[in-house]
$ cat entry_39.txt   # compact mmCIF, C-alpha atoms
# COMPACT_ATOMS: atom_id res chain seq x y z
CA MET N 1 0.00 0.00 0.00
CA ASN N 2 1.51 3.31 -0.93
CA ARG N 3 2.12 6.09 1.57
CA ARG N 4 -0.44 8.48 0.06
CA LEU N 5 -3.22 5.92 0.30
CA VAL N 6 -2.33 5.25 3.95
CA GLN N 7 -2.49 8.98 4.73
CA MET N 8 -5.86 9.30 3.01
CA PHE N 9 -7.34 6.39 5.00
CA SER N 10 -5.86 7.68 8.24
CA LYS N 11 -7.39 11.14 7.81
CA GLN N 12 -10.78 9.95 6.64
CA PHE N 13 -11.36 6.88 8.82
CA GLY N 14 -8.90 7.22 11.68
CA GLN N 15 -7.27 3.91 10.81
CA VAL N 16 -6.10 1.93 7.81
CA PRO N 17 -8.08 -1.22 7.01
CA LYS N 18 -6.04 -4.41 6.85
CA PHE N 19 -7.87 -5.80 3.83
CA TYR N 20 -9.81 -4.06 1.12
CA THR N 21 -10.93 -4.78 -2.41
CA SER N 22 -11.01 -2.67 -5.51
CA ASN N 23 -14.58 -1.50 -4.91
CA GLU N 24 -13.59 -0.32 -1.42
CA GLN N 25 -15.68 -2.99 0.30
CA PRO N 26 -13.96 -4.92 3.09
CA MET N 27 -12.78 -8.35 2.04
CA VAL N 28 -14.57 -11.13 3.91
CA LEU N 29 -12.17 -13.66 5.29
CA ARG N 30 -13.15 -17.15 6.36
CA ASN N 31 -12.91 -17.87 10.04
CA GLU N 32 -10.24 -20.57 10.09
CA LYS N 33 -11.58 -22.25 13.24
CA SER N 34 -15.24 -22.48 12.28
CA GLY N 35 -14.95 -22.52 8.48
CA TYR N 36 -17.73 -19.94 8.11
CA TYR N 37 -17.70 -17.09 5.61
CA VAL N 38 -20.99 -15.66 6.86
CA ASN N 39 -22.23 -15.45 10.46
CA PRO N 40 -24.49 -18.52 10.93
CA GLU N 41 -26.77 -16.68 13.37
CA ALA N 42 -27.47 -13.97 10.81
CA VAL N 43 -28.04 -16.62 8.14
CA ALA N 44 -30.47 -18.46 10.43
CA ARG N 45 -32.48 -15.30 11.14
CA ARG N 46 -32.76 -14.40 7.46
CA MET N 47 -33.55 -17.95 6.37
CA ILE N 48 -36.26 -18.44 9.00
CA LYS N 49 -37.80 -15.14 7.90
CA VAL N 50 -37.85 -16.27 4.25
CA ILE N 51 -39.32 -19.65 5.18
CA SER N 52 -41.98 -18.13 7.44
CA LEU N 53 -43.26 -15.93 4.61
CA HIS N 54 -44.28 -18.93 2.49
CA ASP N 55 -48.02 -19.60 2.30
CA ASP N 56 -47.77 -23.32 3.15
CA VAL N 57 -46.01 -22.84 6.49
CA LYS N 58 -48.30 -24.02 9.28
CA ASN N 59 -46.96 -22.02 12.21
CA PRO N 60 -44.20 -19.51 11.33
CA SER N 61 -43.39 -18.79 14.97
CA ALA N 62 -42.61 -22.48 15.62
CA ILE N 63 -39.78 -22.70 13.07
CA THR N 64 -36.47 -23.63 14.68
CA LEU N 65 -33.13 -24.77 13.33
CA GLN N 66 -34.06 -28.37 14.15
CA SER N 67 -37.38 -28.19 12.26
CA THR N 68 -37.69 -30.56 9.34
CA TRP N 69 -39.42 -29.43 6.18
CA THR N 70 -42.41 -31.67 6.89
CA ASP N 71 -42.65 -30.29 10.46
CA ILE N 72 -42.93 -26.83 8.94
CA GLY N 73 -45.69 -28.07 6.64
CA LEU N 74 -43.94 -27.84 3.28
CA SER N 75 -44.78 -30.19 0.45
CA ASP N 76 -42.04 -31.11 -2.04
CA MET N 77 -43.14 -28.34 -4.38
CA ALA N 78 -43.34 -25.78 -1.59
CA TYR N 79 -39.86 -26.85 -0.44
CA VAL N 80 -38.47 -26.14 -3.91
CA GLU N 81 -40.19 -22.73 -3.91
CA VAL N 82 -38.68 -21.91 -0.50
CA MET N 83 -35.20 -22.96 -1.66
CA VAL N 84 -35.53 -20.69 -4.70
CA GLU N 85 -36.42 -17.80 -2.39
CA VAL N 86 -33.46 -18.63 -0.15
CA GLU N 87 -31.21 -18.61 -3.22
CA ARG N 88 -32.51 -15.15 -4.09
CA GLU N 89 -32.08 -13.90 -0.52
CA PHE N 90 -28.43 -14.97 -0.31
CA GLU N 91 -27.63 -14.51 -4.02
CA ILE N 92 -26.30 -18.04 -4.42
CA GLU N 93 -27.41 -21.14 -6.29
CA PHE N 94 -27.71 -24.53 -4.65
CA PRO N 95 -26.71 -27.60 -6.66
CA ASP N 96 -29.68 -29.98 -6.91
CA ALA N 97 -27.79 -32.79 -5.16
CA ASP N 98 -27.11 -30.55 -2.16
CA VAL N 99 -30.71 -29.33 -1.89
CA GLU N 100 -31.90 -32.95 -1.72
CA CYS N 101 -29.62 -33.50 1.31
CA PHE N 102 -31.09 -30.70 3.42
CA ARG N 103 -33.22 -32.46 6.04
CA THR N 104 -33.56 -29.60 8.54
CA VAL N 105 -33.40 -25.82 8.46
CA ASN N 106 -29.98 -26.05 10.12
CA ASP N 107 -28.60 -28.10 7.20
CA ALA N 108 -29.45 -25.26 4.82
CA VAL N 109 -28.12 -22.63 7.25
CA GLU N 110 -24.79 -24.46 7.56
CA TYR N 111 -24.49 -24.75 3.79
CA VAL N 112 -25.11 -21.04 3.25
CA ALA N 113 -22.82 -19.95 6.12
CA ARG N 114 -19.96 -21.98 4.66
CA SER N 115 -20.59 -20.75 1.11
CA PHE N 116 -17.98 -18.32 -0.14
CA PHE N 117 -20.44 -16.58 -2.46
CA ALA N 118 -23.29 -15.98 0.00
CA VAL N 119 -24.20 -12.36 0.65

$ encode --input "entry_39.txt" --output "structure tokens"
Amino acid sequence: MNRRLVQMFSKQFGQVPKFYTSNEQPMVLRNEKSGYYVNPEAVARRMIKVISLHDDVKNPSAITLQSTWTDIGLSDMAYVEVMVEVEREFEIEFPDADVECFRTVNDAVEYVARSFFAV
């Protein structure tokens, strides 16, 4: 990093960021211990919100990370619709083989939290 850039950051922000990208957004680094790129708690909150907005969900307030898709009240078609909405929410695309392996909400949360491309 050149000296002029360091001075500019110091004056404007009070400190120089350790990592930055060309569009001036902070670079997201993977937590080496957990393997997560995205905070799993934030992913869980957003995913439960998306799931609860679907029409076929029996009781949105009863959704937990351990809930299975049948516990929530989703048919196979409704499950696919929810997964499409989750893909839109996190701006990622699930491979079909992976979507078939999600048995609980937590399985999907873990997948998204460990995905490099999730927003």

$ atom_distance --input "entry_39.txt" --atom1 "atom CA of Asp71 of chain N" --atom2 "atom CA of Ile92 of chain N"
25.3 Å

$ atom_distance --input "entry_39.txt" --atom1 "atom CA of Val57 of chain N" --atom2 "atom CA of Asn39 of chain N"
25.2 Å

$ atom_distance --input "entry_39.txt" --atom1 "atom CA of Phe90 of chain N" --atom2 "atom CA of Ser52 of chain N"
15.9 Å

$ residues_around --input "entry_39.txt" --residues "segment 95-108 of chain N" --least-positions-apart "2" --cutoff "7 Å" --atoms "all atoms listed in the file" --output "CSV table (one decimal) with C-alpha atoms, keeping the file's coordinate frame"
chain,number,residue,atom,x,y,z
N,65,LEU,CA,-33.1,-24.8,13.3
N,66,GLN,CA,-34.1,-28.4,14.2
N,67,SER,CA,-37.4,-28.2,12.3
N,68,THR,CA,-37.7,-30.6,9.3
N,69,TRP,CA,-39.4,-29.4,6.2
N,93,GLU,CA,-27.4,-21.1,-6.3
N,110,GLU,CA,-24.8,-24.5,7.6
N,111,TYR,CA,-24.5,-24.8,3.8
N,112,VAL,CA,-25.1,-21.0,3.2

$ residues_around --input "entry_39.txt" --residues "Glu81 of chain N" --least-positions-apart "4" --cutoff "12 Å" --atoms "all atoms listed in the file" --output "number ranges by chain"
N: 50-51, 53-57, 74-77, 85-88, 99

$ closest_residue --input "entry_39.txt" --among "N:Met47, N:Pro40, N:Phe116, N:Ser61" --to "Val82 of chain N" --atoms "only C-alpha atoms"
N:Met47

$ decode --input "entry_39.txt" --residues "segment 30-77 of chain N" --atoms "N, CA and C atoms" --output "PDB file, in the first residue's frame"
ATOM      1  N   ARG N  30     -12.540 -16.000   5.703  1.00  0.00           N
ATOM      2  CA  ARG N  30     -13.153 -17.149   6.356  1.00  0.00           C
ATOM      3  C   ARG N  30     -12.537 -17.323   7.731  1.00  0.00           C
ATOM      4  N   ASN N  31     -13.389 -17.575   8.705  1.00  0.00           N
ATOM      5  CA  ASN N  31     -12.914 -17.868  10.045  1.00  0.00           C
ATOM      6  C   ASN N  31     -12.268 -19.248  10.000  1.00  0.00           C
ATOM      7  N   GLU N  32     -10.973 -19.315  10.235  1.00  0.00           N
ATOM      8  CA  GLU N  32     -10.243 -20.572  10.095  1.00  0.00           C
ATOM      9  C   GLU N  32     -10.719 -21.646  11.070  1.00  0.00           C
ATOM     10  N   LYS N  33     -11.149 -21.256  12.259  1.00  0.00           N
ATOM     11  CA  LYS N  33     -11.580 -22.247  13.244  1.00  0.00           C
ATOM     12  C   LYS N  33     -12.930 -22.839  12.898  1.00  0.00           C
ATOM     13  N   SER N  34     -13.882 -21.991  12.521  1.00  0.00           N
ATOM     14  CA  SER N  34     -15.235 -22.478  12.276  1.00  0.00           C
ATOM     15  C   SER N  34     -15.475 -22.855  10.821  1.00  0.00           C
ATOM     16  N   GLY N  35     -14.753 -22.251   9.901  1.00  0.00           N
ATOM     17  CA  GLY N  35     -14.954 -22.522   8.483  1.00  0.00           C
ATOM     18  C   GLY N  35     -16.074 -21.712   7.868  1.00  0.00           C
ATOM     19  N   TYR N  36     -16.617 -20.732   8.612  1.00  0.00           N
ATOM     20  CA  TYR N  36     -17.731 -19.938   8.105  1.00  0.00           C
ATOM     21  C   TYR N  36     -17.238 -18.696   7.377  1.00  0.00           C
ATOM     22  N   TYR N  37     -17.918 -18.364   6.297  1.00  0.00           N
ATOM     23  CA  TYR N  37     -17.697 -17.093   5.612  1.00  0.00           C
ATOM     24  C   TYR N  37     -18.721 -16.062   6.058  1.00  0.00           C
ATOM     25  N   VAL N  38     -19.892 -16.529   6.448  1.00  0.00           N
ATOM     26  CA  VAL N  38     -20.989 -15.660   6.864  1.00  0.00           C
ATOM     27  C   VAL N  38     -21.404 -16.093   8.273  1.00  0.00           C
ATOM     28  N   ASN N  39     -21.802 -15.151   9.089  1.00  0.00           N
ATOM     29  CA  ASN N  39     -22.229 -15.448  10.456  1.00  0.00           C
ATOM     30  C   ASN N  39     -23.455 -16.370  10.418  1.00  0.00           C
ATOM     31  N   PRO N  40     -23.359 -17.579  10.994  1.00  0.00           N
ATOM     32  CA  PRO N  40     -24.488 -18.517  10.933  1.00  0.00           C
ATOM     33  C   PRO N  40     -25.744 -18.016  11.638  1.00  0.00           C
ATOM     34  N   GLU N  41     -25.582 -17.209  12.677  1.00  0.00           N
ATOM     35  CA  GLU N  41     -26.765 -16.681  13.374  1.00  0.00           C
ATOM     36  C   GLU N  41     -27.533 -15.721  12.475  1.00  0.00           C
ATOM     37  N   ALA N  42     -26.811 -14.890  11.735  1.00  0.00           N
ATOM     38  CA  ALA N  42     -27.467 -13.966  10.806  1.00  0.00           C
ATOM     39  C   ALA N  42     -28.128 -14.738   9.670  1.00  0.00           C
ATOM     40  N   VAL N  43     -27.459 -15.783   9.193  1.00  0.00           N
ATOM     41  CA  VAL N  43     -28.040 -16.619   8.140  1.00  0.00           C
ATOM     42  C   VAL N  43     -29.316 -17.272   8.641  1.00  0.00           C
ATOM     43  N   ALA N  44     -29.289 -17.791   9.858  1.00  0.00           N
ATOM     44  CA  ALA N  44     -30.465 -18.460  10.426  1.00  0.00           C
ATOM     45  C   ALA N  44     -31.643 -17.500  10.535  1.00  0.00           C
ATOM     46  N   ARG N  45     -31.391 -16.288  11.026  1.00  0.00           N
ATOM     47  CA  ARG N  45     -32.481 -15.300  11.142  1.00  0.00           C
ATOM     48  C   ARG N  45     -33.098 -15.001   9.775  1.00  0.00           C
ATOM     49  N   ARG N  46     -32.248 -14.736   8.798  1.00  0.00           N
ATOM     50  CA  ARG N  46     -32.763 -14.395   7.464  1.00  0.00           C
ATOM     51  C   ARG N  46     -33.482 -15.573   6.818  1.00  0.00           C
ATOM     52  N   MET N  47     -32.935 -16.784   6.996  1.00  0.00           N
ATOM     53  CA  MET N  47     -33.546 -17.954   6.369  1.00  0.00           C
ATOM     54  C   MET N  47     -34.896 -18.261   7.007  1.00  0.00           C
ATOM     55  N   ILE N  48     -34.982 -18.189   8.318  1.00  0.00           N
ATOM     56  CA  ILE N  48     -36.265 -18.442   8.996  1.00  0.00           C
ATOM     57  C   ILE N  48     -37.294 -17.412   8.572  1.00  0.00           C
ATOM     58  N   LYS N  49     -36.872 -16.172   8.369  1.00  0.00           N
ATOM     59  CA  LYS N  49     -37.797 -15.139   7.898  1.00  0.00           C
ATOM     60  C   LYS N  49     -38.325 -15.478   6.509  1.00  0.00           C
ATOM     61  N   VAL N  50     -37.435 -15.905   5.608  1.00  0.00           N
ATOM     62  CA  VAL N  50     -37.854 -16.269   4.248  1.00  0.00           C
ATOM     63  C   VAL N  50     -38.811 -17.454   4.289  1.00  0.00           C
ATOM     64  N   ILE N  51     -38.473 -18.462   5.081  1.00  0.00           N
ATOM     65  CA  ILE N  51     -39.320 -19.653   5.178  1.00  0.00           C
ATOM     66  C   ILE N  51     -40.693 -19.293   5.751  1.00  0.00           C
ATOM     67  N   SER N  52     -40.707 -18.461   6.777  1.00  0.00           N
ATOM     68  CA  SER N  52     -41.977 -18.131   7.438  1.00  0.00           C
ATOM     69  C   SER N  52     -42.926 -17.341   6.545  1.00  0.00           C
ATOM     70  N   LEU N  53     -42.406 -16.694   5.518  1.00  0.00           N
ATOM     71  CA  LEU N  53     -43.256 -15.928   4.613  1.00  0.00           C
ATOM     72  C   LEU N  53     -43.978 -16.779   3.571  1.00  0.00           C
ATOM     73  N   HIS N  54     -43.634 -18.056   3.477  1.00  0.00           N
ATOM     74  CA  HIS N  54     -44.285 -18.925   2.495  1.00  0.00           C
ATOM     75  C   HIS N  54     -45.694 -19.264   2.952  1.00  0.00           C
ATOM     76  N   ASP N  55     -46.602 -19.361   2.004  1.00  0.00           N
ATOM     77  CA  ASP N  55     -48.021 -19.602   2.302  1.00  0.00           C
ATOM     78  C   ASP N  55     -48.297 -20.954   2.955  1.00  0.00           C
ATOM     79  N   ASP N  56     -47.497 -21.979   2.649  1.00  0.00           N
ATOM     80  CA  ASP N  56     -47.766 -23.325   3.153  1.00  0.00           C
ATOM     81  C   ASP N  56     -47.257 -23.579   4.564  1.00  0.00           C
ATOM     82  N   VAL N  57     -46.556 -22.642   5.148  1.00  0.00           N
ATOM     83  CA  VAL N  57     -46.008 -22.837   6.489  1.00  0.00           C
ATOM     84  C   VAL N  57     -47.145 -22.823   7.499  1.00  0.00           C
ATOM     85  N   LYS N  58     -47.220 -23.876   8.314  1.00  0.00           N
ATOM     86  CA  LYS N  58     -48.303 -24.023   9.283  1.00  0.00           C
ATOM     87  C   LYS N  58     -48.236 -22.960  10.376  1.00  0.00           C
ATOM     88  N   ASN N  59     -47.113 -22.914  11.067  1.00  0.00           N
ATOM     89  CA  ASN N  59     -46.956 -22.024  12.214  1.00  0.00           C
ATOM     90  C   ASN N  59     -45.582 -21.349  12.127  1.00  0.00           C
ATOM     91  N   PRO N  60     -45.502 -20.167  11.526  1.00  0.00           N
ATOM     92  CA  PRO N  60     -44.200 -19.511  11.331  1.00  0.00           C
ATOM     93  C   PRO N  60     -43.416 -19.279  12.611  1.00  0.00           C
ATOM     94  N   SER N  61     -44.099 -19.064  13.720  1.00  0.00           N
ATOM     95  CA  SER N  61     -43.387 -18.793  14.973  1.00  0.00           C
ATOM     96  C   SER N  61     -42.762 -20.055  15.568  1.00  0.00           C
ATOM     97  N   ALA N  62     -43.136 -21.228  15.085  1.00  0.00           N
ATOM     98  CA  ALA N  62     -42.612 -22.480  15.619  1.00  0.00           C
ATOM     99  C   ALA N  62     -41.386 -22.986  14.855  1.00  0.00           C
ATOM    100  N   ILE N  63     -40.931 -22.258  13.854  1.00  0.00           N
ATOM    101  CA  ILE N  63     -39.781 -22.699  13.065  1.00  0.00           C
ATOM    102  C   ILE N  63     -38.508 -22.551  13.896  1.00  0.00           C
ATOM    103  N   THR N  64     -37.760 -23.641  13.993  1.00  0.00           N
ATOM    104  CA  THR N  64     -36.472 -23.634  14.677  1.00  0.00           C
ATOM    105  C   THR N  64     -35.426 -24.223  13.734  1.00  0.00           C
ATOM    106  N   LEU N  65     -34.192 -24.192  14.154  1.00  0.00           N
ATOM    107  CA  LEU N  65     -33.129 -24.770  13.327  1.00  0.00           C
ATOM    108  C   LEU N  65     -33.272 -26.281  13.210  1.00  0.00           C
ATOM    109  N   GLN N  66     -33.892 -26.916  14.180  1.00  0.00           N
ATOM    110  CA  GLN N  66     -34.061 -28.367  14.147  1.00  0.00           C
ATOM    111  C   GLN N  66     -35.324 -28.800  13.416  1.00  0.00           C
ATOM    112  N   SER N  67     -36.131 -27.864  12.961  1.00  0.00           N
ATOM    113  CA  SER N  67     -37.376 -28.188  12.257  1.00  0.00           C
ATOM    114  C   SER N  67     -37.069 -28.860  10.928  1.00  0.00           C
ATOM    115  N   THR N  68     -37.796 -29.934  10.659  1.00  0.00           N
ATOM    116  CA  THR N  68     -37.692 -30.556   9.336  1.00  0.00           C
ATOM    117  C   THR N  68     -38.686 -29.865   8.422  1.00  0.00           C
ATOM    118  N   TRP N  69     -38.550 -30.107   7.150  1.00  0.00           N
ATOM    119  CA  TRP N  69     -39.423 -29.432   6.182  1.00  0.00           C
ATOM    120  C   TRP N  69     -40.858 -29.918   6.313  1.00  0.00           C
ATOM    121  N   THR N  70     -41.051 -31.183   6.687  1.00  0.00           N
ATOM    122  CA  THR N  70     -42.415 -31.674   6.895  1.00  0.00           C
ATOM    123  C   THR N  70     -43.002 -31.120   8.191  1.00  0.00           C
ATOM    124  N   ASP N  71     -42.168 -30.911   9.218  1.00  0.00           N
ATOM    125  CA  ASP N  71     -42.651 -30.288  10.460  1.00  0.00           C
ATOM    126  C   ASP N  71     -43.190 -28.888  10.181  1.00  0.00           C
ATOM    127  N   ILE N  72     -42.531 -28.199   9.283  1.00  0.00           N
ATOM    128  CA  ILE N  72     -42.929 -26.828   8.937  1.00  0.00           C
ATOM    129  C   ILE N  72     -44.211 -26.828   8.116  1.00  0.00           C
ATOM    130  N   GLY N  73     -44.468 -27.952   7.423  1.00  0.00           N
ATOM    131  CA  GLY N  73     -45.687 -28.075   6.636  1.00  0.00           C
ATOM    132  C   GLY N  73     -45.468 -27.886   5.148  1.00  0.00           C
ATOM    133  N   LEU N  74     -44.230 -28.062   4.693  1.00  0.00           N
ATOM    134  CA  LEU N  74     -43.943 -27.844   3.275  1.00  0.00           C
ATOM    135  C   LEU N  74     -44.042 -29.139   2.484  1.00  0.00           C
ATOM    136  N   SER N  75     -44.764 -29.081   1.391  1.00  0.00           N
ATOM    137  CA  SER N  75     -44.776 -30.192   0.449  1.00  0.00           C
ATOM    138  C   SER N  75     -43.482 -30.131  -0.352  1.00  0.00           C
ATOM    139  N   ASP N  76     -43.260 -31.110  -1.219  1.00  0.00           N
ATOM    140  CA  ASP N  76     -42.044 -31.114  -2.040  1.00  0.00           C
ATOM    141  C   ASP N  76     -41.979 -29.883  -2.933  1.00  0.00           C
ATOM    142  N   MET N  77     -43.101 -29.516  -3.504  1.00  0.00           N
ATOM    143  CA  MET N  77     -43.137 -28.342  -4.382  1.00  0.00           C
ATOM    144  C   MET N  77     -42.909 -27.047  -3.599  1.00  0.00           C
TER     145      MET N  77
END
